[in-house]
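Here the structure comes first, spelled out in structure tokens, and everything after it is commentary.
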Amino acid sequence: MNANLCFEGFGRDERIEEDRSTWFTPPDIAWRMVRWAGDAYIRTALEPSGGSGNLAHALHTKPDGHGGLAFTKCDIDVYEVDPFYASRLRERFPEDEDFNSGGIIDIRQADYLSAPGCSHIRYDLGLANP
């Protein structure tokens, strides 16, 4: 059974032969999770398995009340073990001033559970695929 899901513009790395059971959080679920987390002042957040970046995007932006989106001031560490998806995340969240007018999204191509020093970092919020 192939459990890899594809989202428009994100694709799937055809070089991957084994099934890694990649399940991306759909955008509507990501928005619900961020709303559920509340409006508390969140300065730092962790997304330990970035995938398509929908959780990070939902946390980095919020409805501005006028039908658009506003940036939050939250800095987000996004880990993604797969080099292909880490590359796609860097494309989705460019390191330019226009995109990062809010907090910073730091994409790290690594396994969060085995990345050095991670256990010592404290985050205000952690979001992961439900």
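Following the order of the structure tokens, first chain is A, next is B, and so on, with residues numbered from 1 inside each chain and ligands from 1 in the order they appear.
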**Prompt:** Residues at most 12 Å from Ala37 in chain A, counting only C-alpha atoms, excluding those fewer than 3 positions away in the same chain, as a PyMOL selection string?
**Reply:** chain A and resi 30-34+40-42+45+55+58-59+124-127
**Prompt:** Can you list, as an MDAnalysis selection string, every residue of range 21-80 of chain A that DSSP puts in alpha helix (DSSP H)?
**Reply:** chainID A and resid 27:37 54:60
Please produce a file of the residues just selected, as a tab-separated table (two decimals), in the first residue's frame, where the atoms kept are N, CA, C and O atoms.
chain	number	residue	atom	x	y	z
A	27	PRO	N	-4.63	21.52	5.24
A	27	PRO	CA	-4.68	22.91	5.71
A	27	PRO	C	-5.82	23.21	6.68
A	27	PRO	O	-5.62	23.91	7.68
A	28	ASP	N	-7.02	22.69	6.42
A	28	ASP	CA	-8.14	23.00	7.32
A	28	ASP	C	-7.92	22.42	8.71
A	28	ASP	O	-8.28	23.05	9.71
A	29	ILE	N	-7.30	21.26	8.80
A	29	ILE	CA	-6.99	20.67	10.11
A	29	ILE	C	-5.90	21.49	10.80
A	29	ILE	O	-5.94	21.74	12.00
A	30	ALA	N	-4.90	21.94	10.03
A	30	ALA	CA	-3.82	22.76	10.59
A	30	ALA	C	-4.39	24.05	11.20
A	30	ALA	O	-4.01	24.44	12.31
A	31	TRP	N	-5.30	24.71	10.48
A	31	TRP	CA	-5.91	25.93	11.00
A	31	TRP	C	-6.69	25.65	12.28
A	31	TRP	O	-6.64	26.42	13.23
A	32	ARG	N	-7.41	24.54	12.31
A	32	ARG	CA	-8.17	24.18	13.52
A	32	ARG	C	-7.24	23.95	14.71
A	32	ARG	O	-7.54	24.34	15.83
A	33	MET	N	-6.13	23.29	14.45
A	33	MET	CA	-5.18	23.03	15.54
A	33	MET	C	-4.62	24.33	16.11
A	33	MET	O	-4.50	24.48	17.33
A	34	VAL	N	-4.30	25.26	15.24
A	34	VAL	CA	-3.75	26.54	15.70
A	34	VAL	C	-4.82	27.32	16.48
A	34	VAL	O	-4.54	27.89	17.53
A	35	ARG	N	-6.07	27.30	15.99
A	35	ARG	CA	-7.15	27.97	16.73
A	35	ARG	C	-7.34	27.31	18.09
A	35	ARG	O	-7.56	27.98	19.09
A	36	TRP	N	-7.25	25.99	18.13
A	36	TRP	CA	-7.41	25.25	19.39
A	36	TRP	C	-6.30	25.61	20.38
A	36	TRP	O	-6.53	25.67	21.58
A	37	ALA	N	-5.10	25.88	19.86
A	37	ALA	CA	-3.98	26.25	20.74
A	37	ALA	C	-4.25	27.58	21.43
A	37	ALA	O	-3.67	27.86	22.48
A	54	ASN	N	2.09	22.71	6.30
A	54	ASN	CA	0.77	23.29	6.58
A	54	ASN	C	0.62	23.74	8.04
A	54	ASN	O	-0.02	24.75	8.31
A	55	LEU	N	1.21	23.00	8.97
A	55	LEU	CA	1.12	23.41	10.38
A	55	LEU	C	1.92	24.69	10.61
A	55	LEU	O	1.44	25.62	11.27
A	56	ALA	N	3.13	24.75	10.08
A	56	ALA	CA	3.95	25.95	10.23
A	56	ALA	C	3.27	27.15	9.58
A	56	ALA	O	3.27	28.26	10.14
A	57	HIS	N	2.68	26.96	8.42
A	57	HIS	CA	2.00	28.06	7.73
A	57	HIS	C	0.81	28.56	8.55
A	57	HIS	O	0.61	29.77	8.69
A	58	ALA	N	0.04	27.65	9.09
A	58	ALA	CA	-1.13	28.05	9.89
A	58	ALA	C	-0.70	28.80	11.14
A	58	ALA	O	-1.37	29.74	11.56
A	59	LEU	N	0.42	28.42	11.73
A	59	LEU	CA	0.90	29.11	12.93
A	59	LEU	C	1.55	30.45	12.58
A	59	LEU	O	1.45	31.41	13.34
A	60	HIS	N	2.20	30.53	11.44
A	60	HIS	CA	2.92	31.74	11.03
A	60	HIS	C	1.99	32.85	10.56
A	60	HIS	O	2.34	34.02	10.59
**Request:** May I ask for the distance between CA of Arg90 in chain A and CA of Trp23 in chain A, given in Å to one decimal place?
**Result:**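 That distance, rounded to one decimal, is 18.9 Å.
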**Item:** Atom pair CA of Arg43 in chain A / CA of Phe71 in chain A: separation (Å)
**Value:**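 A separation of 12.6 Å between them.
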**Message:** With distances taken over only C-alpha atoms, which residue among A:Pro94, A:Asp82, A:Ile121, A:Leu69 lies nearest Asp106 in chain A?
**Reply:**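 The answer is A:Pro94, which sits nearest to Asp106 in chain A.
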**Request:** Please provide as a list in words all residues within 10 Å of Leu89 in chain A, with the sequence filter that same-chain residues fewer than 3 positions apart are discarded (counting only C-alpha atoms).
**Result:**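 Surrounding residues, per the criterion: Phe10, Gly50, Gly51, Ser52, Gly53, Asn54, Ala56, Val78, Tyr79, Glu80, Pro83, Phe84, Tyr85, Ala86, Arg92, Phe93, Pro94, Ile105, Asp106, Ile107, Arg108 and Gln109 of chain A.
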**Request:** Give me, please, the distance in Å between CA of Tyr112 in chain A and CA of Pro63 in chain A, quoted to one decimal.
**Result:**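 The value is 29.4 Å.
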